[in-house]
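Participant: One structure coming up, written as structure tokens, with questions to follow.
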Amino acid sequence: QRLTKDGARELLEDLSRAYIDSSLQKRVAKLARDMHWEKHAFLLGMRKIALEVQAPILTHWGFEVSGHGVSEMQLAVQDHTFGPDCDLGLKTQVDEVGKMLYGEMWSILFAQMRGIEPLGCGSDRMIYG
């Protein structure tokens with residue numbers, strides 16, 4: 001599925017509103033502690049937590065409510081944040097949404113990218129769990 005640039009921006013705003021929820025942030029922080037900040041275990045746990053929050057957004061935007069639907073959503077946004085048609089403002093929005101989702105784990109998950117903020121259009125990060 002494809003999104004317009006404005007559609008990608010609106011979808012990211014929907015994700016941002018979902019990820020800012022304090023109960024989600026508490027669940028993510030608890031998962032990080034329970035997994036002892038181990039990346040792989042945390043990401044496995046995040047799949048379920050993230051999909052619960054993303055389900056209505058996926059449905060609204062016409063994506064399947066599944067891991068495959070999340071991947072399709074990510075690819076639709078990447079059309080505008082990677083490569084020749086990259087929009088740096090949208091790319092920054094992607095990073096901010098990712099930070100909301102992953103909370104304190106953001107810096108652990110992307111430690112190798114510290115010091116090169118903001119990322120340019122040749123790099124991408126997961127924002128979807």
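By order in the structure tokens, chains are A, B, ...; within a chain, residues start at 1; ligands start at 1, following the order shown.
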Please list as a list in words every residue within 12 Å of Asp14 (chain A), counting only C-alpha atoms and excluding residues in the same chain fewer than 6 positions away.

Facilitator: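 Near neighbours after the sequence-gap exclusion: Gly7, Ala8, Ile20, Asp21, Val53, Gln54, Ala55, Pro56, Ile57, Leu58, Thr59, His60, Trp61, Gln93, Val94 and Val97 of chain A.
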
Participant: Can those selected residues be exported to a file as a PDB file, in the first residue's frame so that it contains N, CA, C and O atoms?

Facilitator:
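Below is the file that was written, selection23.pdb:
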ATOM      1  N   GLY A   7      -0.279  11.948   3.824  1.00  0.00           N
ATOM      2  CA  GLY A   7      -0.831  10.784   4.499  1.00  0.00           C
ATOM      3  C   GLY A   7       0.164  10.182   5.474  1.00  0.00           C
ATOM      4  O   GLY A   7      -0.197   9.805   6.595  1.00  0.00           O
ATOM      5  N   ALA A   8       1.429  10.106   5.080  1.00  0.00           N
ATOM      6  CA  ALA A   8       2.471   9.589   5.970  1.00  0.00           C
ATOM      7  C   ALA A   8       2.592  10.467   7.209  1.00  0.00           C
ATOM      8  O   ALA A   8       2.719   9.970   8.327  1.00  0.00           O
ATOM      9  N   ILE A  20       2.014   8.339  23.059  1.00  0.00           N
ATOM     10  CA  ILE A  20       2.202   9.276  24.179  1.00  0.00           C
ATOM     11  C   ILE A  20       1.411   8.840  25.418  1.00  0.00           C
ATOM     12  O   ILE A  20       1.655   9.315  26.525  1.00  0.00           O
ATOM     13  N   ASP A  21       0.504   7.890  25.249  1.00  0.00           N
ATOM     14  CA  ASP A  21      -0.335   7.409  26.345  1.00  0.00           C
ATOM     15  C   ASP A  21       0.529   6.910  27.507  1.00  0.00           C
ATOM     16  O   ASP A  21       1.416   6.072  27.315  1.00  0.00           O
ATOM     17  N   VAL A  53      -1.608  -1.382  20.417  1.00  0.00           N
ATOM     18  CA  VAL A  53      -1.813   0.062  20.294  1.00  0.00           C
ATOM     19  C   VAL A  53      -1.976   0.468  18.827  1.00  0.00           C
ATOM     20  O   VAL A  53      -2.743   1.372  18.499  1.00  0.00           O
ATOM     21  N   GLN A  54      -1.276  -0.222  17.952  1.00  0.00           N
ATOM     22  CA  GLN A  54      -1.288   0.124  16.537  1.00  0.00           C
ATOM     23  C   GLN A  54      -2.523  -0.396  15.803  1.00  0.00           C
ATOM     24  O   GLN A  54      -2.857   0.130  14.737  1.00  0.00           O
ATOM     25  N   ALA A  55      -3.204  -1.397  16.357  1.00  0.00           N
ATOM     26  CA  ALA A  55      -4.308  -2.057  15.650  1.00  0.00           C
ATOM     27  C   ALA A  55      -5.333  -1.077  15.085  1.00  0.00           C
ATOM     28  O   ALA A  55      -5.658  -1.145  13.889  1.00  0.00           O
ATOM     29  N   PRO A  56      -5.885  -0.140  15.875  1.00  0.00           N
ATOM     30  CA  PRO A  56      -6.872   0.767  15.290  1.00  0.00           C
ATOM     31  C   PRO A  56      -6.286   1.684  14.223  1.00  0.00           C
ATOM     32  O   PRO A  56      -6.980   2.061  13.268  1.00  0.00           O
ATOM     33  N   ILE A  57      -5.023   2.019  14.343  1.00  0.00           N
ATOM     34  CA  ILE A  57      -4.372   2.881  13.356  1.00  0.00           C
ATOM     35  C   ILE A  57      -4.155   2.100  12.063  1.00  0.00           C
ATOM     36  O   ILE A  57      -4.415   2.611  10.965  1.00  0.00           O
ATOM     37  N   LEU A  58      -3.703   0.872  12.204  1.00  0.00           N
ATOM     38  CA  LEU A  58      -3.532   0.018  11.019  1.00  0.00           C
ATOM     39  C   LEU A  58      -4.856  -0.125  10.278  1.00  0.00           C
ATOM     40  O   LEU A  58      -4.909   0.031   9.055  1.00  0.00           O
ATOM     41  N   THR A  59      -5.918  -0.404  11.016  1.00  0.00           N
ATOM     42  CA  THR A  59      -7.239  -0.569  10.409  1.00  0.00           C
ATOM     43  C   THR A  59      -7.673   0.711   9.711  1.00  0.00           C
ATOM     44  O   THR A  59      -8.123   0.685   8.564  1.00  0.00           O
ATOM     45  N   HIS A  60      -7.536   1.830  10.401  1.00  0.00           N
ATOM     46  CA  HIS A  60      -7.945   3.122   9.845  1.00  0.00           C
ATOM     47  C   HIS A  60      -7.248   3.416   8.521  1.00  0.00           C
ATOM     48  O   HIS A  60      -7.851   3.965   7.595  1.00  0.00           O
ATOM     49  N   TRP A  61      -5.966   3.061   8.436  1.00  0.00           N
ATOM     50  CA  TRP A  61      -5.179   3.377   7.243  1.00  0.00           C
ATOM     51  C   TRP A  61      -5.193   2.250   6.211  1.00  0.00           C
ATOM     52  O   TRP A  61      -4.501   2.323   5.196  1.00  0.00           O
ATOM     53  N   GLN A  93      10.251  13.503  12.167  1.00  0.00           N
ATOM     54  CA  GLN A  93       9.006  13.072  12.804  1.00  0.00           C
ATOM     55  C   GLN A  93       9.050  11.563  13.083  1.00  0.00           C
ATOM     56  O   GLN A  93       8.608  11.113  14.142  1.00  0.00           O
ATOM     57  N   VAL A  94       9.592  10.783  12.150  1.00  0.00           N
ATOM     58  CA  VAL A  94       9.740   9.336  12.351  1.00  0.00           C
ATOM     59  C   VAL A  94      10.593   9.067  13.589  1.00  0.00           C
ATOM     60  O   VAL A  94      10.237   8.235  14.429  1.00  0.00           O
ATOM     61  N   VAL A  97       8.645   9.868  16.816  1.00  0.00           N
ATOM     62  CA  VAL A  97       7.625   8.855  17.089  1.00  0.00           C
ATOM     63  C   VAL A  97       8.292   7.590  17.637  1.00  0.00           C
ATOM     64  O   VAL A  97       7.796   6.977  18.581  1.00  0.00           O
TER      65      VAL A  97
END

Participant: Can you tell me, as a VMD selection string, what residues are no more than 12 Å from Leu12 (chain A) when counting only C-alpha atoms, ignoring any on the same chain fewer than 5 positions away?

Facilitator: chain A and resid 3 5 to 7 17 to 19 54 57 to 58 61 73 to 74 76 to 78 80 to 81 89 to 98 100 to 101 127 to 128

Participant: State, in Å with one decimal place, the distance from CA of Leu44 (chain A) to CA of Ser23 (chain A).

Facilitator: 19.1 Å

Participant: Check chain A with DSSP on the backbone and list each residue it calls helix (DSSP H, G or I), as number ranges by chain.

Facilitator: A: 5-19, 22-34, 39-60, 67-78, 88-109, 111-113

Participant: Between A:Cys86, A:Leu15, A:Val28, A:Val65, which residue has the minimum interatomic distance to Phe42 (chain A), considering only C-alpha atoms?

Facilitator: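 Looking only at the distances to Phe42 (chain A), the closest residue turns out to be A:Val28.
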
Participant: Grab the CA of Ala50 (chain A) to CA of Met35 (chain A) distance for me, in Å with one decimal place.

Facilitator: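 Those two atoms sit 16.0 Å apart.
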
Participant: Of the candidates A:Leu109, A:Ser16, A:Gly62, A:Gly83, which one gets nearest to Ala41 (chain A) if we count only C-alpha atoms?

Facilitator: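 Closest residue, counting only C-alpha atoms: A:Leu109.
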